[in-house]
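Here the structure is laid out as structure tokens; the discussion comes afterwards.
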Amino acid sequence: MKKILCVYCGLLLLFISCSSKGGNPPPTPPETFKPPVVSASFAKGADISWVTQMESTGVKFYDKSGSQQDLFGLMKSLGFNSIRLRAWVNPADGWCNTADLVAKALRAKAAGMKIMIDFHYSDSWADPGKQPKPAAWATLDFVALTTTLHDYTVDVMKVLKTNGITPDWVQVGNETNDGMLWEDGHASKSMVNFAALIKAGYSAVKSVSSTTKVIVHISNGYDNGLFRWMFDGLKANGAQWDIIGMSLYPSVDNWADYDNKCLANINDMVSRYSTPCMVVEVGMPTSSPDASRSFLTDIITKVNDVSGSNGLGVFYWEPEAYNWQGYGLGAFDNNGKPTIALDAFGN
């Protein structure tokens with residue numbers, strides 16, 4: 001019996017040995033994603049200005065486990081520490097007017113978020129292709145237009161202050177690649193006028209809150225020539241700003257190149273104008289969450305690592321948008337849950 005057991009054990013050991021040598025190795029567990037480590041002051045932000053309009057139609061938001069959440073608290077739980085909100089002068093449907101802006105700013109403050117206000121100085125969208133004046137400002141001469149911009153900015157800042165809100169940052173204009181309030185403030189036609197409008201916005205913000213940082217924002221953060229042209233022109237005409245803001249919307253295929261060019265542009269802006277920079281808008285197709293997470297991880301790392309702490313933050317533009325107005329660059333899936341793209345903003 002002992003002999004039979006010895007033979008059996010020997011064969012079993014031989015089988016195990018052969019199996020371990022010739023069989024497939026055990027599967028390697030998937031690598032756990034680690035979000036980039038950033039400084040305590042780095043702004044991990046999101047523009048969620050659509051939130052109240054979305055909620056009014058019954059749209060709801062959920063965490064990754066499927067539990068319904070208030071969007072502001074959800075963004076906080078995902079690692080965001082800052083919220084950006086656009087301001088329109090007199091929008092036809094009311095969304096993003098001053099009252100709606102304050103309502104969202106109060107929710108952001110309650111969630112413990114820093115706040116950026118993005119003045120479009122329009123009744124609707126202002127961007128590189130269009131910078132329409134508010135209807136009520138359309139017939140003003142340039143002196144009155146400049147004064148009106150100043151006074152409107154002061155009024156909004158005071159309403160925010162009355163409600164206990166002091167924005168950390170304020171944009172005077174949105175993606176002003178060729179100025180704003182066309183045609184008077186069309187930069188390629190009159191940099192002098194555009195600079196005067198920037199000065200009016202800057203002084204208005206500072207008159208209410210000296211601690212709020214003022215941003216001049218243009219898109220195409222990879223385009224150094226555009227940024228040099230714009231900020232050389234503003235500087236030559238006496239405009240002031242505290243931060244240079246930029247947008248960056250790469251594709252799945254070119255994001256690495258865009259990120260490298262954006263970093264080079266930031267470094268040049270810091271050196272050329274002694275001004276810190278912030279990427280105030282980013283986005284990538286919702287349908288490519290893996291690529292989006294890689295892009296976001298890379299751009300957050302690059303901006304955070306700018307020398308002298310001159311890379312101040314990165315903001316995702318409307319990540320919560322899902323099944324909404326055909327917008328395809330959000331970062332929530334069709335069930336209202338955040339995709340893995342937003343893991344790049346995690347703690």
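Simple scheme: letters A, B, ... for chains in structure tokens order, numbers from 1 for residues in each chain, numbers from 1 for ligands in the order shown.
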
List every residue of segment 125-166 of chain A that has an atom at most 12 Å from any atom of segment 179-200 of chain A, giving for each one its closest atom pair and the distance in Å to one decimal, counting only C-alpha atoms, sorted by chain and then by ascending residue number, as a Markdown table.
```
| residue | atom | partner | partner_atom | distance |
| --- | --- | --- | --- | --- |
| A:Trp125 | CA | A:Met180 | CA | 11.5 |
| A:Ala126 | CA | A:Met180 | CA | 7.9 |
| A:Asp127 | CA | A:Met180 | CA | 8.7 |
| A:Pro128 | CA | A:Gly179 | CA | 8.4 |
| A:Gly129 | CA | A:Met180 | CA | 10.3 |
| A:Lys130 | CA | A:Trp182 | CA | 8.0 |
| A:Gln131 | CA | A:Met180 | CA | 5.1 |
| A:Pro132 | CA | A:Leu181 | CA | 5.6 |
| A:Lys133 | CA | A:Leu181 | CA | 4.9 |
| A:Pro134 | CA | A:Leu181 | CA | 8.2 |
| A:Ala135 | CA | A:Leu181 | CA | 10.9 |
| A:Trp137 | CA | A:Leu181 | CA | 9.2 |
| A:Ala138 | CA | A:Leu181 | CA | 9.0 |
| A:Thr139 | CA | A:Asp184 | CA | 10.9 |
| A:Leu140 | CA | A:Asp184 | CA | 10.0 |
| A:Asp141 | CA | A:Asp184 | CA | 8.7 |
| A:Phe142 | CA | A:Asp184 | CA | 6.7 |
| A:Val143 | CA | A:Ala196 | CA | 9.6 |
| A:Ala144 | CA | A:Leu197 | CA | 11.1 |
| A:Leu145 | CA | A:Leu197 | CA | 8.5 |
| A:Thr146 | CA | A:Leu197 | CA | 5.8 |
| A:Thr147 | CA | A:Ala200 | CA | 7.3 |
| A:Thr148 | CA | A:Ala200 | CA | 9.2 |
| A:Leu149 | CA | A:Ala200 | CA | 7.0 |
| A:His150 | CA | A:Ala200 | CA | 5.2 |
| A:Asp151 | CA | A:Ala200 | CA | 8.9 |
| A:Tyr152 | CA | A:Ala200 | CA | 10.4 |
| A:Thr153 | CA | A:Ala200 | CA | 8.9 |
| A:Val154 | CA | A:Ala200 | CA | 10.1 |
```

For this session: Return as a list of chain:residue names the full set of residues in segment 163-245 of chain A whose backbone-based DSSP assignment is strand (DSSP E).
Result: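 Written out, the strand (DSSP E) residues of segment 163-245 of chain A are A:Trp169, A:Val170, A:Gln171, A:Val172, A:Lys213, A:Val214, A:Ile215, A:Val216, A:His217, A:Ile218, A:Ile243, A:Ile244, A:Gly245.
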
For this session: To one decimal in Å, tell me the separation between atom CA of Trp241 of chain A and atom CA of Met269 of chain A.
Result: 12.4 Å

Problem set entry | Within 12 Å of Asp47 of chain A using only C-alpha atoms, minus same-chain residues under 5 positions, as a ChimeraX atom specification | /A:71-72,75,80-87,104-105,108,113-118,279-283,314-321,330-331

Residues of the last selection are to be written out with N, CA, C and O atoms, as a compact mmCIF listing (two decimals), in the first residue's frame.
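Okay, this is what ended up in again_7.txt:
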```
# COMPACT_ATOMS: atom_id res chain seq x y z
N LEU A 71 -26.15 66.99 -8.71
CA LEU A 71 -24.98 67.06 -9.58
C LEU A 71 -23.78 67.72 -8.90
O LEU A 71 -22.64 67.27 -9.06
N PHE A 72 -24.02 68.77 -8.12
CA PHE A 72 -22.90 69.47 -7.49
C PHE A 72 -22.18 68.56 -6.50
O PHE A 72 -20.95 68.49 -6.48
N MET A 75 -20.25 65.87 -8.47
CA MET A 75 -18.98 66.35 -9.01
C MET A 75 -17.92 66.44 -7.92
O MET A 75 -16.75 66.08 -8.12
N PHE A 80 -13.75 66.83 -8.22
CA PHE A 80 -13.75 68.22 -8.68
C PHE A 80 -13.79 69.17 -7.48
O PHE A 80 -14.43 68.88 -6.48
N ASN A 81 -13.11 70.30 -7.63
CA ASN A 81 -13.11 71.29 -6.55
C ASN A 81 -13.53 72.68 -7.02
O ASN A 81 -13.53 73.63 -6.24
N SER A 82 -13.89 72.80 -8.31
CA SER A 82 -14.21 74.11 -8.88
C SER A 82 -15.33 73.98 -9.91
O SER A 82 -15.40 73.00 -10.64
N ILE A 83 -16.18 75.02 -9.97
CA ILE A 83 -17.29 75.05 -10.90
C ILE A 83 -17.25 76.34 -11.70
O ILE A 83 -17.04 77.43 -11.15
N ARG A 84 -17.45 76.23 -13.00
CA ARG A 84 -17.49 77.38 -13.91
C ARG A 84 -18.92 77.57 -14.39
O ARG A 84 -19.59 76.61 -14.75
N LEU A 85 -19.38 78.83 -14.40
CA LEU A 85 -20.76 79.14 -14.76
C LEU A 85 -20.79 80.33 -15.73
O LEU A 85 -20.17 81.35 -15.47
N ARG A 86 -21.53 80.18 -16.83
CA ARG A 86 -21.60 81.27 -17.80
C ARG A 86 -22.69 82.26 -17.43
O ARG A 86 -23.69 81.91 -16.80
N ALA A 87 -22.46 83.49 -17.85
CA ALA A 87 -23.41 84.58 -17.58
C ALA A 87 -23.81 85.23 -18.90
O ALA A 87 -22.96 85.71 -19.65
N LYS A 104 -27.19 78.81 -9.24
CA LYS A 104 -26.17 77.76 -9.41
C LYS A 104 -24.92 78.05 -8.58
O LYS A 104 -24.32 77.13 -8.01
N ALA A 105 -24.56 79.32 -8.48
CA ALA A 105 -23.39 79.67 -7.68
C ALA A 105 -23.61 79.33 -6.20
O ALA A 105 -22.68 78.88 -5.51
N ALA A 108 -23.03 75.68 -5.84
CA ALA A 108 -21.60 75.38 -5.91
C ALA A 108 -20.92 75.72 -4.59
O ALA A 108 -20.09 74.95 -4.08
N MET A 113 -17.26 74.28 -3.37
CA MET A 113 -16.50 74.48 -4.60
C MET A 113 -16.01 75.91 -4.75
O MET A 113 -16.67 76.86 -4.32
N LYS A 114 -14.87 76.06 -5.41
CA LYS A 114 -14.44 77.37 -5.91
C LYS A 114 -15.30 77.70 -7.13
O LYS A 114 -15.85 76.80 -7.78
N ILE A 115 -15.40 79.00 -7.46
CA ILE A 115 -16.34 79.42 -8.50
C ILE A 115 -15.66 80.33 -9.51
O ILE A 115 -14.94 81.26 -9.16
N MET A 116 -15.91 80.03 -10.79
CA MET A 116 -15.50 80.89 -11.89
C MET A 116 -16.75 81.38 -12.62
O MET A 116 -17.64 80.59 -12.93
N ILE A 117 -16.81 82.68 -12.89
CA ILE A 117 -17.90 83.27 -13.66
C ILE A 117 -17.37 83.61 -15.05
O ILE A 117 -16.31 84.23 -15.19
N ASP A 118 -18.12 83.19 -16.06
CA ASP A 118 -17.72 83.37 -17.45
C ASP A 118 -18.69 84.34 -18.14
O ASP A 118 -19.76 83.95 -18.60
N VAL A 279 -6.36 76.09 -18.29
CA VAL A 279 -7.15 75.52 -19.38
C VAL A 279 -8.60 75.49 -18.89
O VAL A 279 -8.97 74.63 -18.09
N VAL A 280 -9.39 76.44 -19.36
CA VAL A 280 -10.74 76.63 -18.81
C VAL A 280 -11.82 75.84 -19.55
O VAL A 280 -12.98 75.84 -19.12
N GLU A 281 -11.45 75.19 -20.65
CA GLU A 281 -12.38 74.32 -21.36
C GLU A 281 -11.63 73.17 -22.00
O GLU A 281 -10.65 73.40 -22.73
N VAL A 282 -12.07 71.95 -21.74
CA VAL A 282 -11.61 70.78 -22.47
C VAL A 282 -12.80 69.88 -22.74
O VAL A 282 -13.84 69.98 -22.07
N GLY A 283 -12.65 69.00 -23.70
CA GLY A 283 -13.69 68.02 -23.98
C GLY A 283 -13.22 67.03 -25.03
O GLY A 283 -12.30 67.32 -25.79
N VAL A 314 -7.51 72.84 -14.80
CA VAL A 314 -8.15 72.33 -16.01
C VAL A 314 -9.64 72.15 -15.73
O VAL A 314 -10.02 71.58 -14.70
N PHE A 315 -10.49 72.66 -16.63
CA PHE A 315 -11.94 72.57 -16.50
C PHE A 315 -12.54 71.80 -17.67
O PHE A 315 -12.27 72.12 -18.83
N TYR A 316 -13.38 70.81 -17.37
CA TYR A 316 -14.12 70.09 -18.41
C TYR A 316 -15.41 70.86 -18.71
O TYR A 316 -16.12 71.29 -17.78
N TRP A 317 -15.70 71.02 -20.00
CA TRP A 317 -16.89 71.79 -20.38
C TRP A 317 -18.11 70.88 -20.50
O TRP A 317 -18.15 69.98 -21.34
N GLU A 318 -19.08 71.12 -19.64
CA GLU A 318 -20.37 70.43 -19.61
C GLU A 318 -20.24 68.90 -19.64
O GLU A 318 -20.84 68.23 -20.50
N PRO A 319 -19.50 68.32 -18.71
CA PRO A 319 -19.37 66.86 -18.69
C PRO A 319 -20.68 66.15 -18.42
O PRO A 319 -20.87 65.00 -18.83
N GLU A 320 -21.60 66.82 -17.72
CA GLU A 320 -22.86 66.17 -17.32
C GLU A 320 -23.86 66.04 -18.46
O GLU A 320 -24.90 65.38 -18.31
N ALA A 321 -23.57 66.65 -19.61
CA ALA A 321 -24.50 66.62 -20.74
C ALA A 321 -24.61 65.21 -21.31
O ALA A 321 -23.63 64.66 -21.80
N GLY A 330 -19.69 65.34 -23.85
CA GLY A 330 -19.84 65.20 -22.40
C GLY A 330 -19.06 64.01 -21.88
O GLY A 330 -18.33 63.34 -22.62
N ALA A 331 -19.21 63.74 -20.59
CA ALA A 331 -18.49 62.62 -19.98
C ALA A 331 -19.39 61.82 -19.04
O ALA A 331 -18.92 61.24 -18.08
```

For this session: With a distance cut-off of 9 Å and only C-alpha atoms, select the neighbouring residues of Pro289 of chain A, excluding the residue or stretch itself and same-chain residues fewer than 6 positions from it, and output the selection as a PyMOL selection string.
Result: chain A and resi 331+339-342

For this session: Identify, on the basis of only C-alpha atoms, every residue whose closest approach to Asn347 of chain A does not exceed 12 Å; exclude the query and any residue fewer than 4 positions from it along the same chain; express the result as a ChimeraX atom specification.
Result: /A:33-40,42,44,75-81,342-343

Selection export as a short mmCIF file (atom, residue, chain, number, x, y, z; two decimals), in the first residue's frame, atoms kept: all heavy atoms:
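Below is the file part-v5.cif, written as the result:
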```cif
data_model
loop_
_atom_site.label_atom_id
_atom_site.label_comp_id
_atom_site.auth_asym_id
_atom_site.auth_seq_id
_atom_site.Cartn_x
_atom_site.Cartn_y
_atom_site.Cartn_z
N PHE A 33 -6.28 52.18 -12.13
CA PHE A 33 -5.99 53.54 -12.59
C PHE A 33 -5.71 54.46 -11.41
O PHE A 33 -6.42 54.44 -10.41
CB PHE A 33 -7.17 54.10 -13.39
CG PHE A 33 -6.98 55.54 -13.78
CD1 PHE A 33 -6.16 55.89 -14.85
CD2 PHE A 33 -7.60 56.56 -13.06
CE1 PHE A 33 -5.97 57.22 -15.20
CE2 PHE A 33 -7.42 57.89 -13.41
CZ PHE A 33 -6.60 58.22 -14.48
N LYS A 34 -4.66 55.24 -11.54
CA LYS A 34 -4.32 56.22 -10.51
C LYS A 34 -4.39 57.62 -11.10
O LYS A 34 -3.66 57.92 -12.05
CB LYS A 34 -2.91 55.94 -9.97
CG LYS A 34 -2.78 54.61 -9.24
CD LYS A 34 -1.36 54.39 -8.72
CE LYS A 34 -1.26 53.06 -7.99
NZ LYS A 34 0.13 52.80 -7.49
N PRO A 35 -5.27 58.47 -10.60
CA PRO A 35 -5.37 59.82 -11.14
C PRO A 35 -4.10 60.61 -10.87
O PRO A 35 -3.36 60.31 -9.93
CB PRO A 35 -6.56 60.42 -10.39
CG PRO A 35 -6.68 59.61 -9.14
CD PRO A 35 -6.20 58.23 -9.49
N PRO A 36 -3.84 61.61 -11.68
CA PRO A 36 -2.63 62.41 -11.47
C PRO A 36 -2.65 63.13 -10.12
O PRO A 36 -3.70 63.59 -9.66
CB PRO A 36 -2.66 63.42 -12.62
CG PRO A 36 -4.07 63.42 -13.11
CD PRO A 36 -4.61 62.07 -12.83
N VAL A 37 -1.50 63.19 -9.50
CA VAL A 37 -1.35 63.91 -8.23
C VAL A 37 -1.08 65.38 -8.56
O VAL A 37 -0.16 65.69 -9.32
CB VAL A 37 -0.21 63.33 -7.40
CG1 VAL A 37 -0.03 64.13 -6.11
CG2 VAL A 37 -0.48 61.86 -7.08
N VAL A 38 -1.88 66.28 -8.01
CA VAL A 38 -1.74 67.70 -8.30
C VAL A 38 -1.59 68.48 -6.99
O VAL A 38 -1.84 67.96 -5.91
CB VAL A 38 -2.95 68.24 -9.08
CG1 VAL A 38 -3.07 67.54 -10.43
CG2 VAL A 38 -4.25 68.08 -8.29
N SER A 39 -1.18 69.73 -7.12
CA SER A 39 -1.02 70.57 -5.94
C SER A 39 -2.38 70.85 -5.29
O SER A 39 -3.42 70.76 -5.94
CB SER A 39 -0.36 71.90 -6.32
OG SER A 39 -1.24 72.68 -7.11
N ALA A 40 -2.34 71.22 -4.03
CA ALA A 40 -3.59 71.46 -3.29
C ALA A 40 -4.38 72.62 -3.88
O ALA A 40 -5.61 72.67 -3.77
CB ALA A 40 -3.26 71.75 -1.83
N PHE A 42 -4.51 73.42 -7.13
CA PHE A 42 -4.83 73.18 -8.54
C PHE A 42 -6.34 73.06 -8.71
O PHE A 42 -7.01 72.33 -7.98
CB PHE A 42 -4.15 71.90 -9.02
CG PHE A 42 -4.20 71.68 -10.51
CD1 PHE A 42 -3.27 72.28 -11.34
CD2 PHE A 42 -5.17 70.86 -11.07
CE1 PHE A 42 -3.30 72.07 -12.71
CE2 PHE A 42 -5.21 70.64 -12.43
CZ PHE A 42 -4.26 71.25 -13.26
N LYS A 44 -9.43 71.64 -10.26
CA LYS A 44 -9.99 70.53 -11.04
C LYS A 44 -11.47 70.88 -11.24
O LYS A 44 -12.28 70.70 -10.34
CB LYS A 44 -9.82 69.21 -10.30
CG LYS A 44 -8.35 68.81 -10.11
CD LYS A 44 -8.20 67.41 -9.57
CE LYS A 44 -8.66 67.29 -8.14
NZ LYS A 44 -8.42 65.92 -7.60
N MET A 75 -20.25 65.87 -8.47
CA MET A 75 -18.98 66.35 -9.01
C MET A 75 -17.92 66.44 -7.92
O MET A 75 -16.75 66.08 -8.12
CB MET A 75 -19.16 67.72 -9.68
CG MET A 75 -20.15 67.73 -10.84
SD MET A 75 -19.84 66.49 -12.12
CE MET A 75 -18.34 67.13 -12.85
N LYS A 76 -18.32 66.88 -6.74
CA LYS A 76 -17.40 66.94 -5.61
C LYS A 76 -16.86 65.55 -5.28
O LYS A 76 -15.66 65.36 -5.05
CB LYS A 76 -18.11 67.54 -4.40
CG LYS A 76 -17.22 67.73 -3.17
CD LYS A 76 -16.33 68.94 -3.31
CE LYS A 76 -15.64 69.25 -1.99
NZ LYS A 76 -14.75 70.43 -2.10
N SER A 77 -17.74 64.56 -5.27
CA SER A 77 -17.33 63.20 -4.94
C SER A 77 -16.40 62.60 -5.98
O SER A 77 -15.63 61.69 -5.68
CB SER A 77 -18.57 62.30 -4.77
OG SER A 77 -19.17 62.01 -6.03
N LEU A 78 -16.46 63.12 -7.20
CA LEU A 78 -15.59 62.63 -8.27
C LEU A 78 -14.21 63.27 -8.26
O LEU A 78 -13.35 62.92 -9.07
CB LEU A 78 -16.26 62.88 -9.64
CG LEU A 78 -17.54 62.08 -9.92
CD1 LEU A 78 -18.21 62.57 -11.19
CD2 LEU A 78 -17.23 60.58 -10.01
N GLY A 79 -14.02 64.24 -7.36
CA GLY A 79 -12.71 64.86 -7.23
C GLY A 79 -12.64 66.31 -7.70
O GLY A 79 -11.60 66.95 -7.57
N PHE A 80 -13.75 66.83 -8.22
CA PHE A 80 -13.75 68.22 -8.68
C PHE A 80 -13.79 69.17 -7.48
O PHE A 80 -14.43 68.88 -6.48
CB PHE A 80 -14.96 68.47 -9.58
CG PHE A 80 -14.87 67.82 -10.93
CD1 PHE A 80 -15.22 66.49 -11.10
CD2 PHE A 80 -14.41 68.52 -12.03
CE1 PHE A 80 -15.13 65.87 -12.33
CE2 PHE A 80 -14.32 67.92 -13.28
CZ PHE A 80 -14.67 66.58 -13.43
N ASN A 81 -13.11 70.30 -7.63
CA ASN A 81 -13.11 71.29 -6.55
C ASN A 81 -13.53 72.68 -7.02
O ASN A 81 -13.53 73.63 -6.24
CB ASN A 81 -11.74 71.37 -5.88
CG ASN A 81 -10.61 71.74 -6.84
OD1 ASN A 81 -10.84 72.38 -7.87
ND2 ASN A 81 -9.39 71.33 -6.51
N LEU A 342 -13.76 60.77 -16.38
CA LEU A 342 -13.67 61.69 -15.25
C LEU A 342 -12.83 61.14 -14.10
O LEU A 342 -12.57 61.85 -13.13
CB LEU A 342 -15.07 62.07 -14.76
CG LEU A 342 -15.93 62.82 -15.78
CD1 LEU A 342 -17.23 63.28 -15.13
CD2 LEU A 342 -15.19 64.01 -16.39
N ASP A 343 -12.38 59.88 -14.22
CA ASP A 343 -11.46 59.36 -13.21
C ASP A 343 -10.18 60.19 -13.14
O ASP A 343 -9.51 60.22 -12.11
CB ASP A 343 -11.09 57.90 -13.52
CG ASP A 343 -12.25 56.95 -13.35
OD1 ASP A 343 -13.31 57.38 -12.85
OD2 ASP A 343 -12.11 55.77 -13.73
#
```

Exercise. Expressed in Å to a single decimal, how great is the separation between atom CA of Ala239 of chain A and atom CA of Asp155 of chain A?
Worked result: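 Atom CA of Asp155 of chain A lies at a distance of 21.5 Å from atom CA of Ala239 of chain A.
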